[in-house]
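Notes follow once the structure below has been shown.
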Amino acid sequence: MGLLAEDMAFHSSIPVPLDITVAVVYSIFGLCSLFGNSTLLYISYKKKHLLKPAEYFIVNLAVSDLGLTLSLYPMAITSSFYHRWLYGKTLCSLYAFCGILFGLCSLTTLTLLSMVCFVKVCCPLYGNRFRPFHGQLLIACAWVYALLFACSPLVHWGEYGPEPYGTACCIDWRLSNKLGTARSYTVALFVFCYILPCCVIVASYTSILVTVQASRKTMEQHASRQMNMSSIQTIIIKLSVAVCIGFFTAWSPYAIVSMWAAFGEIESIPPLAFAMPAMFAKSSTIYNPMIYLMLRPNFRQIMCRDLGTLFQTCLKGCLVFKGQAKCCSKPNVMLRRRTAHRQTNQPPLSISSTKLPTVTMRDLRCQRCMDNFECFRHYPQMCGIANPAANTDSSRDQETPVLQTFKDLQMVDH
């Protein structure tokens with residue numbers, strides 16, 4: 001009977017079309033998160049010697065979001081497609097552990113980042129003393145803090161179990177509704193992992209905006225600096241608003257449902273009310289990298305420069321293989337013309353007989369360029385047109401827009 005009840009808990013309790021929709025949405029989230037956080041880590045690696053201590057938190061945020069993506073999305077997507085949890089009770093606990101660990105680490109990192117920004121903007125005397133060691137120490141504290149709450153259900157302060165909708169795992173909400181110890185764990189999560197971070201983030205960014213506004217009034221009398229100050233203010237306001245909106249969007253639904261499950265009638269809560277907050281929480285892995293890639297000028301400039309380089313490489317490759325295709329298609333045309341000439345004993349209309357030996361040599365060159373990499377390495381020498389001067393001019397004309405685009409991107413970066 002116990003096995004039957006456990007098996008039923010791992011079956012989905014929402015309709016199949018909704019499960020498929022959830023799987024598709026999670027697939028899109030996973031791909032976007034993988035691309036965004038990988039790009040953020042790549043840019044951070046490219047500028048690792050230039051990273052400021054406050055930017056260590058952005059790197060840690062990308063690491064925790066990427067960990068959440070790789071550990072949760074594959075199991076959630078496949079289980080939603082199959083309309084049941086596929087991986088058993090042990091992996092269910094591991095799934096829930098990873099969700100709490102990486103989710104709380106991201107949340108705590110955002111909170112610490114807001115505090116560091118507040119100190120650097122509002123208390124520059126202390127902010128200027130902030131060193132890389134301080135950033136690394138705070139990041140270690142964020143992981144310890146998240147690990148403390150993630151390990152608590154493993155020692156039976158709270159429990160891990162299947163979600164009420166059946167295709168994922170998290171805190172055992174039914175147990176938190178019945179047992180006082182499990183309920184106390186849910187309340188502790190609500191207070192220390194939602195209410196406290198909310199207060200800190202809102203207070204920090206509100207103070208930053210007030211300080212920026214006061215600085216703007218002070219700088220209004222300096223006409224030469226007004227434009228620069230306006231640009232800095234715009235960036236700070238956008239970052240502050242985006243971080244606050246993202247935080248509340250991701251975690252507020254889960255916080256509300258957790259309190260509803262702990263103190264309300266859990267049987268009256270529809271399973272979809274648990275599935276939607278989980279989706280909102282996982283969406284944080286998408287817009288966290290978007291906020292910092294799009295709104296921070298130094299990250300955006302490196303991304304634009306590297307994307308420009310990638311575009312240049314792809315465009316050059318297209319031009320090379322286009323030239324290869326044109327080159328290697330001409331011998332067939334000349335062969336047909338020479339065959340027709342032998343049959344009719346009349347010279348071709350557009351090709352004189354003095355140019356045939358040159359074409360034959362070029363045919364032999366193209367026959368040696370059967371491998372794509374060989375053609376790429378020897379292009380345009382081996383697969384050029386008959387007139388070398390024309391070939392040089394043509395290749396210059398083709399490469400000029402690409403080089404000019406790259407030069408423009410370099411000028412923007414500098």
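Residue numbering restarts at 1 in every chain; chains get A, B, ... in the order shown in the structure tokens, and ligands count up from 1 in that same order.
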Taking 6 positions as the minimum chain separation for residues in the same chain, which residues sit within 8 Å of Cys117 of chain A when counting only C-alpha atoms? Answer as a PDB file with N, CA and C atoms, in the first residue's frame.
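Saved to part-v7.pdb:
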ATOM      1  N   ALA A  54      33.268  43.898  -7.151  1.00  0.00           N
ATOM      2  CA  ALA A  54      31.806  43.785  -7.175  1.00  0.00           C
ATOM      3  C   ALA A  54      31.330  42.874  -8.294  1.00  0.00           C
ATOM      4  N   SER A 204      18.546  48.924  -0.283  1.00  0.00           N
ATOM      5  CA  SER A 204      19.831  49.254  -0.907  1.00  0.00           C
ATOM      6  C   SER A 204      19.633  50.056  -2.183  1.00  0.00           C
ATOM      7  N   ILE A 208      20.459  53.966  -3.159  1.00  0.00           N
ATOM      8  CA  ILE A 208      21.306  54.291  -4.312  1.00  0.00           C
ATOM      9  C   ILE A 208      20.623  55.322  -5.205  1.00  0.00           C
TER      10      ILE A 208
END
Would you mind listing, for every residue of segment 113-194 of chain A within 10 Å of segment 11-14 of chain A, the two atoms forming the shortest contact and the distance between them in Å to one decimal, using only C-alpha atoms, sorted by chain and ascending residue number, as JSON lines?
{"residue": "A:Pro162", "atom": "CA", "partner": "A:His11", "partner_atom": "CA", "distance": 9.4}
{"residue": "A:Glu163", "atom": "CA", "partner": "A:Ser12", "partner_atom": "CA", "distance": 9.3}
{"residue": "A:Pro164", "atom": "CA", "partner": "A:Ser13", "partner_atom": "CA", "distance": 7.5}
{"residue": "A:Tyr165", "atom": "CA", "partner": "A:Ser13", "partner_atom": "CA", "distance": 5.0}
{"residue": "A:Gly166", "atom": "CA", "partner": "A:Ser12", "partner_atom": "CA", "distance": 4.2}
{"residue": "A:Thr167", "atom": "CA", "partner": "A:Ser12", "partner_atom": "CA", "distance": 5.7}
{"residue": "A:Ala168", "atom": "CA", "partner": "A:Ser12", "partner_atom": "CA", "distance": 9.1}
Can I get the selection written as a short mmCIF file (atom, residue, chain, number, x, y, z; two decimals), in the first residue's frame, with all heavy atoms?
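Contents of the output file result.cif:
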data_model
loop_
_atom_site.label_atom_id
_atom_site.label_comp_id
_atom_site.auth_asym_id
_atom_site.auth_seq_id
_atom_site.Cartn_x
_atom_site.Cartn_y
_atom_site.Cartn_z
N PRO A 162 8.03 14.82 -3.49
CA PRO A 162 7.48 15.24 -4.78
C PRO A 162 6.57 16.46 -4.63
O PRO A 162 5.90 16.62 -3.62
CB PRO A 162 6.70 14.01 -5.25
CG PRO A 162 6.38 13.26 -4.01
CD PRO A 162 7.52 13.51 -3.06
N GLU A 163 6.60 17.29 -5.66
CA GLU A 163 5.66 18.41 -5.70
C GLU A 163 4.24 17.88 -5.87
O GLU A 163 4.04 16.79 -6.41
CB GLU A 163 6.01 19.33 -6.87
CG GLU A 163 7.32 20.09 -6.71
CD GLU A 163 7.12 21.46 -6.11
OE1 GLU A 163 6.10 21.65 -5.41
OE2 GLU A 163 7.98 22.34 -6.32
N PRO A 164 3.23 18.63 -5.43
CA PRO A 164 1.85 18.15 -5.58
C PRO A 164 1.43 17.89 -7.02
O PRO A 164 0.51 17.10 -7.26
CB PRO A 164 1.02 19.29 -4.97
CG PRO A 164 1.93 19.90 -3.96
CD PRO A 164 3.29 19.83 -4.56
N TYR A 165 2.10 18.53 -7.99
CA TYR A 165 1.73 18.26 -9.39
C TYR A 165 2.47 17.06 -9.96
O TYR A 165 2.17 16.62 -11.07
CB TYR A 165 1.96 19.50 -10.27
CG TYR A 165 3.34 20.08 -10.24
CD1 TYR A 165 4.31 19.67 -11.14
CD2 TYR A 165 3.69 21.06 -9.31
CE1 TYR A 165 5.57 20.21 -11.13
CE2 TYR A 165 4.95 21.61 -9.29
CZ TYR A 165 5.89 21.19 -10.20
OH TYR A 165 7.15 21.74 -10.17
N GLY A 166 3.47 16.50 -9.27
CA GLY A 166 3.96 15.16 -9.56
C GLY A 166 5.17 15.02 -10.45
O GLY A 166 5.77 13.94 -10.46
N THR A 167 5.59 16.04 -11.20
CA THR A 167 6.69 15.86 -12.16
C THR A 167 7.97 16.56 -11.71
O THR A 167 8.91 16.69 -12.50
CB THR A 167 6.29 16.39 -13.54
OG1 THR A 167 5.89 17.76 -13.43
CG2 THR A 167 5.16 15.58 -14.13
N ALA A 168 8.04 17.01 -10.48
CA ALA A 168 9.24 17.64 -9.94
C ALA A 168 9.25 17.44 -8.43
O ALA A 168 8.29 16.90 -7.85
CB ALA A 168 9.30 19.13 -10.29
#
When you look at segment 131-144 of chain A with a cut-off of 6 Å (counting only C-alpha atoms), what residues show up, excluding the ones that are within fewer than 6 positions of it in the same chain? I need them as a PDB file with N, CA and C atoms, in the first residue's frame.
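Heads up, here's the output in result.pdb:
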ATOM      1  N   PRO A  53      36.012  43.887  -7.902  1.00  0.00           N
ATOM      2  CA  PRO A  53      35.519  42.990  -6.836  1.00  0.00           C
ATOM      3  C   PRO A  53      34.003  42.822  -6.846  1.00  0.00           C
ATOM      4  N   CYS A 105      21.463  30.261  -3.393  1.00  0.00           N
ATOM      5  CA  CYS A 105      22.755  30.900  -3.651  1.00  0.00           C
ATOM      6  C   CYS A 105      22.582  32.085  -4.605  1.00  0.00           C
ATOM      7  N   THR A 108      20.845  34.853  -2.563  1.00  0.00           N
ATOM      8  CA  THR A 108      21.751  35.486  -1.614  1.00  0.00           C
ATOM      9  C   THR A 108      22.803  36.333  -2.322  1.00  0.00           C
TER      10      THR A 108
END
_as an MDAnalysis selection string, please: every residue in segment 144-211 of chain A that a backbone DSSP assignment puts in strand (DSSP E)._
chainID A and resid 160:162 169:171
For the residues in the current selection, export N, CA and C atoms as an mmCIF file, in the first residue's frame.
data_model
loop_
_atom_site.group_PDB
_atom_site.id
_atom_site.type_symbol
_atom_site.label_atom_id
_atom_site.label_comp_id
_atom_site.auth_asym_id
_atom_site.auth_seq_id
_atom_site.Cartn_x
_atom_site.Cartn_y
_atom_site.Cartn_z
ATOM 1 N N TYR A 160 12.271 16.602 2.010
ATOM 2 C CA TYR A 160 12.138 16.712 0.558
ATOM 3 C C TYR A 160 11.148 15.672 0.069
ATOM 4 N N GLY A 161 10.417 16.013 -0.974
ATOM 5 C CA GLY A 161 9.441 15.085 -1.537
ATOM 6 C C GLY A 161 8.920 15.589 -2.856
ATOM 7 N N PRO A 162 8.027 14.824 -3.489
ATOM 8 C CA PRO A 162 7.480 15.245 -4.784
ATOM 9 C C PRO A 162 6.565 16.457 -4.632
ATOM 10 N N CYS A 169 10.332 17.839 -7.799
ATOM 11 C CA CYS A 169 10.482 17.653 -6.355
ATOM 12 C C CYS A 169 10.957 18.941 -5.705
ATOM 13 N N CYS A 170 10.555 19.105 -4.461
ATOM 14 C CA CYS A 170 10.977 20.266 -3.683
ATOM 15 C C CYS A 170 10.741 19.935 -2.210
ATOM 16 N N ILE A 171 10.377 20.905 -1.408
ATOM 17 C CA ILE A 171 10.013 20.653 -0.014
ATOM 18 C C ILE A 171 8.693 19.875 0.015
#
*Coordinates-based distance that separates atom CA of Asn288 of chain A from atom CA of Gly36 of chain A (Å, one decimal)*: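 One can read the atom CA of Gly36 of chain A to atom CA of Asn288 of chain A distance as 8.7 Å.
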*Can you tell me how far atom CA of Tyr292 of chain A sits from atom CA of Ile195 of chain A, in Å to one decimal?*
24.0 Å
*With only C-alpha atoms as the basis for distance, which of A:Tyr205, A:Tyr73, A:Phe263, A:Phe280 is at the shortest distance from Arg183 of chain A?*
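Checking each candidate against Arg183 of chain A, we get A:Phe263 as the closest.
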*Could you pull out the residues in segment 126-301 of chain A that DSSP calls alpha helix (DSSP H) from the backbone, as a ChimeraX atom specification?*
/A:126-127,132-151,173-178,180-190,196-219,223-263,272-282,284-295,297-301
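In this comparison, which uses only C-alpha atoms, the residue of A:Gly246, A:Asn128, A:Val121, A:Ala182 approaching Leu209 of chain A most closely is A:Val121.
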*Point out the residue among A:Pro277, A:Tyr145, A:Val119, A:Lys238 with the least atom-to-atom distance to Ala203 of chain A, counting only C-alpha atoms.*
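Of A:Pro277, A:Tyr145, A:Val119, A:Lys238, the one nearest Ala203 of chain A is A:Val119, counting only C-alpha atoms.
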*Tell me, in Å to one decimal, how far atom CA of Leu91 of chain A is from atom CA of Glu159 of chain A.*
14.0 Å
